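> Below are the structure tokens for one structure; questions will follow.
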Amino acid sequence: MPMLNKNRIYLSAPHMSGKEQFYIEDAFTSNWIAPLGPHVDAFEKELALHVGANDAAAVSSGTAAIQLALCLLDVKEGDKVFCSSLTFVASANPIMYLGAEPVFIDSEPETWNMSPQALEEALHDAAKEGNLPKAVIVVHLYGQSARMEEILALCNNYHIPVIEDAAESLGSLYKGKASGTIGKFGIYSFNGNKIITTSCGGMLVSNDVEALNKARFLATQARDPAPHYQHSQKGYNYRLSNVLAGIGRAQLQVLEERVNARRSIFERYYQELAHIPGIQFMPEMENTRSNRWLTALTLDEQKSGISNHVLLQALAEDNIEARPVWKPLHMQPLFAGVRYYSHSEHANVSEQLFKTGICLPSGSNMTEEDQWRVIQCVKNCFKHKNSFFSDERRITKITGKSAG
Ligand SMILES: Cc1ncc(COP(=O)(O)O)c(C=O)c1O
């Protein structure tokens with residue numbers, strides 16, 4: 001039974017700094033309660049400066065930013081777009097909005113992100129078939145950057161632009177550069193669970209200022225420059241509100257603090273749990289800095305004697321919110337029959353990560369006490385694994401599904 005007397009520990013709760021109220025108040029007193037306004041302009045400039053991109057366009061969500069990037073690359077019905085498979089569905093939904101066809105690419109073990117090996121094979125096949133993708137969407141999972149150098153080299157060979165889905169990796173670095181600023185376009189999400197939040201919101205970044213001006217145009221119903229309301233192409237209502245942009249400005253000021261807090265939560269989990277046989281934490285590739293948005297690990301059931309499902313159940317019973325690793329998109333009913341390239345003939349990395357992975361609570365506003373409660377719960381689960389085995393049988397009995 002859940003320990004309802006204990007406070008709930010969330011996976012990644014919003015963390016306000018206190019300065020947000022100042023900007024909200026300013027939006028109210030100036031009556032800029034609109035999509036667009038001075039806070040939107042300032043938020044765009046401040047974020048672009050922070051990540052070192054020439055320009056940034058603030059939009060209503062990370063998903064909208066991906067769709068706009070695809071529009072800017074002229075993705076339309078019948079086109080192909082390659083996309084990481086191990087990710088949240090929002091990475092690929094915009095491909096479908098435009099009537100294009102996704103092709104999913106597996107992960108590789110060191111970054112958990114797009115496998116250059118699988119990408120190479122997919123590009124080779126597509127070239128042979130005379131049907132190259134219009135774009136490649138590379139996801140930086142849980143804050144860890146993908147192998148951008150190898151991926152860009154492959155895509156450049158075929159002149160295919162790369163969109164970085166950096167929804168989860170704002171504040172992360174790849175070889176000294178901000179995650180999201182290396183491909184043609186990068187996108188960030190400010191959803192409530194992200195490292196900084198505007199409740200909902202997103203940003204499209206690029207060094208191509210002209211393209212971002214076009215994104216702003218498309219995101220405001222594609223209104224032609226005429227005194228009357230005139231439209232020559234399809235547009236969207238995707239801009240960010242001035243109130244939310246104000247929240248974003250205050251949040252951006254504490255981004256580095258938030259990264260440090262999440263990294264130190266990871267460190268604490270690592271120090272306390274990494275010695276347990278069968279536990280392996282998500283690696284951090286050399287020459288990169290992950291924002292450690294979520295601390296993720298895998299459980300080798302043969303060595304640990306416990307599956308990720310059993311651990312998730314134990315945490316849930318202690319009123320702690322933890323999650324399995326994303327279910328790969330090529331395994332989703334929505335994408336049944338969609339083409340997929342695995343890392344190698346023998347290694348299906350994303351499927352293995354899904355089967356064994358778990359994300360621990362990682363919010364930057366977790367108290368030390370909360371962090372110790374999570375650690376203790378995990379340790380207890382291993383200490384009493386025999387009783388959890390019987391729990392596993394119990395889960396099987398209740399759900400009719402194996403927990404392992
Ligand atoms: C990898 C990834 N891509 C895209 C998104 C979509 O962002 P949003 O919720 O702001 O639309 C999210 C999160 O929600 C995400 O985790």
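By order of appearance in the structure tokens: chains A, B, ..., then residues from 1 within every chain, and ligands from 1 in the order shown.
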Write out as a Markdown table a residue-level contact list of chain A versus ligand 1 with cut-off 8 Å: for each qualifying residue the closest pair of atoms and the distance in Å to one decimal, counting only C-alpha atoms and all ligand atoms, rows sorted by chain and residue number upward.


| residue | atom | partner | partner_atom_place_in_ligand_line | distance |
| --- | --- | --- | --- | --- |
| A:Ser60 | CA | ligand 1 | 10 (O) | 7.5 |
| A:Ser61 | CA | ligand 1 | 10 (O) | 3.8 |
| A:Gly62 | CA | ligand 1 | 10 (O) | 3.5 |
| A:Thr63 | CA | ligand 1 | 11 (O) | 3.7 |
| A:Ala64 | CA | ligand 1 | 11 (O) | 6.4 |
| A:Ala65 | CA | ligand 1 | 11 (O) | 7.9 |
| A:Ile66 | CA | ligand 1 | 4 (C) | 7.8 |
| A:Thr87 | CA | ligand 1 | 1 (C) | 5.4 |
| A:Phe88 | CA | ligand 1 | 1 (C) | 5.1 |
| A:Val89 | CA | ligand 1 | 3 (N) | 7.2 |
| A:Ala90 | CA | ligand 1 | 4 (C) | 4.6 |
| A:Ser91 | CA | ligand 1 | 3 (N) | 4.5 |
| A:Val139 | CA | ligand 1 | 1 (C) | 6.0 |
| A:His140 | CA | ligand 1 | 1 (C) | 7.1 |
| A:Leu141 | CA | ligand 1 | 1 (C) | 6.4 |
| A:Tyr142 | CA | ligand 1 | 16 (O) | 7.9 |
| A:Asp165 | CA | ligand 1 | 3 (N) | 5.7 |
| A:Ala166 | CA | ligand 1 | 1 (C) | 6.8 |
| A:Ala167 | CA | ligand 1 | 2 (C) | 4.8 |
| A:Glu168 | CA | ligand 1 | 16 (O) | 5.5 |
| A:Tyr188 | CA | ligand 1 | 7 (O) | 7.2 |
| A:Ser189 | CA | ligand 1 | 10 (O) | 4.0 |
| A:Phe190 | CA | ligand 1 | 10 (O) | 5.5 |
| A:Asn191 | CA | ligand 1 | 10 (O) | 4.7 |
| A:Asn193 | CA | ligand 1 | 14 (O) | 7.8 |
| A:Lys194 | CA | ligand 1 | 13 (C) | 7.5 |
| A:Cys200 | CA | ligand 1 | 10 (O) | 6.0 |
| A:Gly201 | CA | ligand 1 | 10 (O) | 5.4 |
| A:Gly202 | CA | ligand 1 | 10 (O) | 5.4 |

> Would you save the residues from that selection as a short mmCIF file (atom, residue, chain, number, x, y, z; two decimals), in the first residue's frame, using N, CA and C atoms?


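Saved result, selection-v1.cif, follows:
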data_model
loop_
_atom_site.label_atom_id
_atom_site.label_comp_id
_atom_site.auth_asym_id
_atom_site.auth_seq_id
_atom_site.Cartn_x
_atom_site.Cartn_y
_atom_site.Cartn_z
N SER A 60 5.10 28.50 -28.32
CA SER A 60 4.19 28.00 -27.28
C SER A 60 4.59 26.66 -26.69
N SER A 61 5.47 25.92 -27.35
CA SER A 61 5.93 24.63 -26.81
C SER A 61 7.16 24.15 -27.58
N GLY A 62 7.83 23.18 -27.01
CA GLY A 62 8.94 22.54 -27.72
C GLY A 62 8.44 21.82 -28.96
N THR A 63 7.27 21.22 -28.85
CA THR A 63 6.67 20.51 -29.99
C THR A 63 6.45 21.47 -31.15
N ALA A 64 5.91 22.67 -30.85
CA ALA A 64 5.68 23.68 -31.90
C ALA A 64 7.02 24.08 -32.53
N ALA A 65 8.07 24.18 -31.71
CA ALA A 65 9.38 24.56 -32.24
C ALA A 65 9.88 23.51 -33.23
N ILE A 66 9.66 22.23 -32.93
CA ILE A 66 10.08 21.16 -33.86
C ILE A 66 9.30 21.27 -35.16
N THR A 87 12.89 8.24 -27.26
CA THR A 87 12.51 9.61 -26.91
C THR A 87 11.02 9.67 -26.59
N PHE A 88 10.61 10.85 -26.15
CA PHE A 88 9.20 11.14 -25.93
C PHE A 88 8.53 11.35 -27.30
N VAL A 89 7.27 11.00 -27.37
CA VAL A 89 6.55 11.02 -28.66
C VAL A 89 6.56 12.41 -29.32
N ALA A 90 6.73 13.46 -28.51
CA ALA A 90 6.70 14.83 -29.06
C ALA A 90 7.83 15.08 -30.06
N SER A 91 8.90 14.28 -30.01
CA SER A 91 9.98 14.45 -30.99
C SER A 91 9.49 14.13 -32.39
N VAL A 139 17.86 13.58 -30.78
CA VAL A 139 17.42 13.92 -29.42
C VAL A 139 18.60 13.80 -28.45
N HIS A 140 18.67 14.73 -27.49
CA HIS A 140 19.69 14.68 -26.43
C HIS A 140 18.98 14.25 -25.14
N LEU A 141 18.96 12.96 -24.92
CA LEU A 141 18.13 12.36 -23.88
C LEU A 141 18.59 12.68 -22.47
N TYR A 142 17.64 13.05 -21.63
CA TYR A 142 17.89 13.27 -20.20
C TYR A 142 19.06 14.22 -19.95
N ASP A 165 16.82 18.10 -31.01
CA ASP A 165 15.76 18.15 -30.01
C ASP A 165 16.45 18.21 -28.65
N ALA A 166 16.67 19.45 -28.20
CA ALA A 166 17.37 19.68 -26.93
C ALA A 166 16.36 20.05 -25.84
N ALA A 167 15.12 19.53 -25.99
CA ALA A 167 14.06 19.82 -25.01
C ALA A 167 14.53 19.52 -23.59
N GLU A 168 15.33 18.45 -23.47
CA GLU A 168 15.75 18.00 -22.13
C GLU A 168 17.17 18.43 -21.79
N TYR A 188 14.26 23.95 -27.56
CA TYR A 188 14.22 23.73 -26.11
C TYR A 188 12.75 23.72 -25.68
N SER A 189 12.49 23.03 -24.57
CA SER A 189 11.13 23.01 -24.01
C SER A 189 11.16 23.65 -22.62
N PHE A 190 10.11 24.40 -22.32
CA PHE A 190 9.96 24.99 -20.97
C PHE A 190 8.72 24.42 -20.30
N ASN A 191 8.40 23.19 -20.64
CA ASN A 191 7.30 22.47 -19.98
C ASN A 191 7.58 22.41 -18.48
N ASN A 193 8.02 20.26 -16.33
CA ASN A 193 8.96 19.30 -15.74
C ASN A 193 10.40 19.54 -16.19
N LYS A 194 10.64 20.56 -17.01
CA LYS A 194 11.98 20.74 -17.57
C LYS A 194 12.89 21.51 -16.61
N CYS A 200 4.33 26.24 -19.79
CA CYS A 200 4.53 25.58 -21.07
C CYS A 200 5.16 26.63 -21.97
N GLY A 201 5.89 26.17 -22.93
CA GLY A 201 6.61 27.10 -23.80
C GLY A 201 7.79 26.40 -24.44
N GLY A 202 8.37 27.06 -25.43
CA GLY A 202 9.51 26.47 -26.11
C GLY A 202 10.31 27.53 -26.83
#

> Please run DSSP on the backbone and report, as an NGL selection string, all residues within range 123-343 of chain A that come out as strand (DSSP E).

:A and (135-139 or 162-165 or 173-174 or 177-178 or 185-189 or 202-206 or 279-281 or 288-289 or 295-299 or 323-324 or 340-341)

> Which residue is closest to Gln117 in chain A? Choose from A:Val40, A:Met331, A:Ala336, A:Leu154 and count only C-alpha atoms.

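Closest candidate: A:Leu154.
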
> What separation in Å, quoted to one decimal, exists between CA of Val325 in chain A and CA of Cys359 in chain A?

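Going from CA of Val325 in chain A over to CA of Cys359 in chain A, I get 6.3 Å.
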
> When you look at range 217-222 of chain A with a cut-off of 12 Å (counting only C-alpha atoms), what residues show up, excluding the ones that are within fewer than 3 positions of it in the same chain? I need them as a PyMOL selection string.

chain A and resi 35-36+57-61+64-72+203-204+210-214+225-226+229-241

> If you take only C-alpha atoms and a cut-off of 10 Å, which residues of range 80-123 of chain A touch range 280-299 of chain A, and what are their nearest atom pairs and distances in Å to one decimal, in chain and number order, as a tab-separated table?


residue	atom	partner	partner_atom	distance
A:Pro109	CA	A:Pro283	CA	8.7
A:Glu110	CA	A:Pro283	CA	6.2
A:Thr111	CA	A:Met285	CA	6.4
A:Trp112	CA	A:Met282	CA	7.7
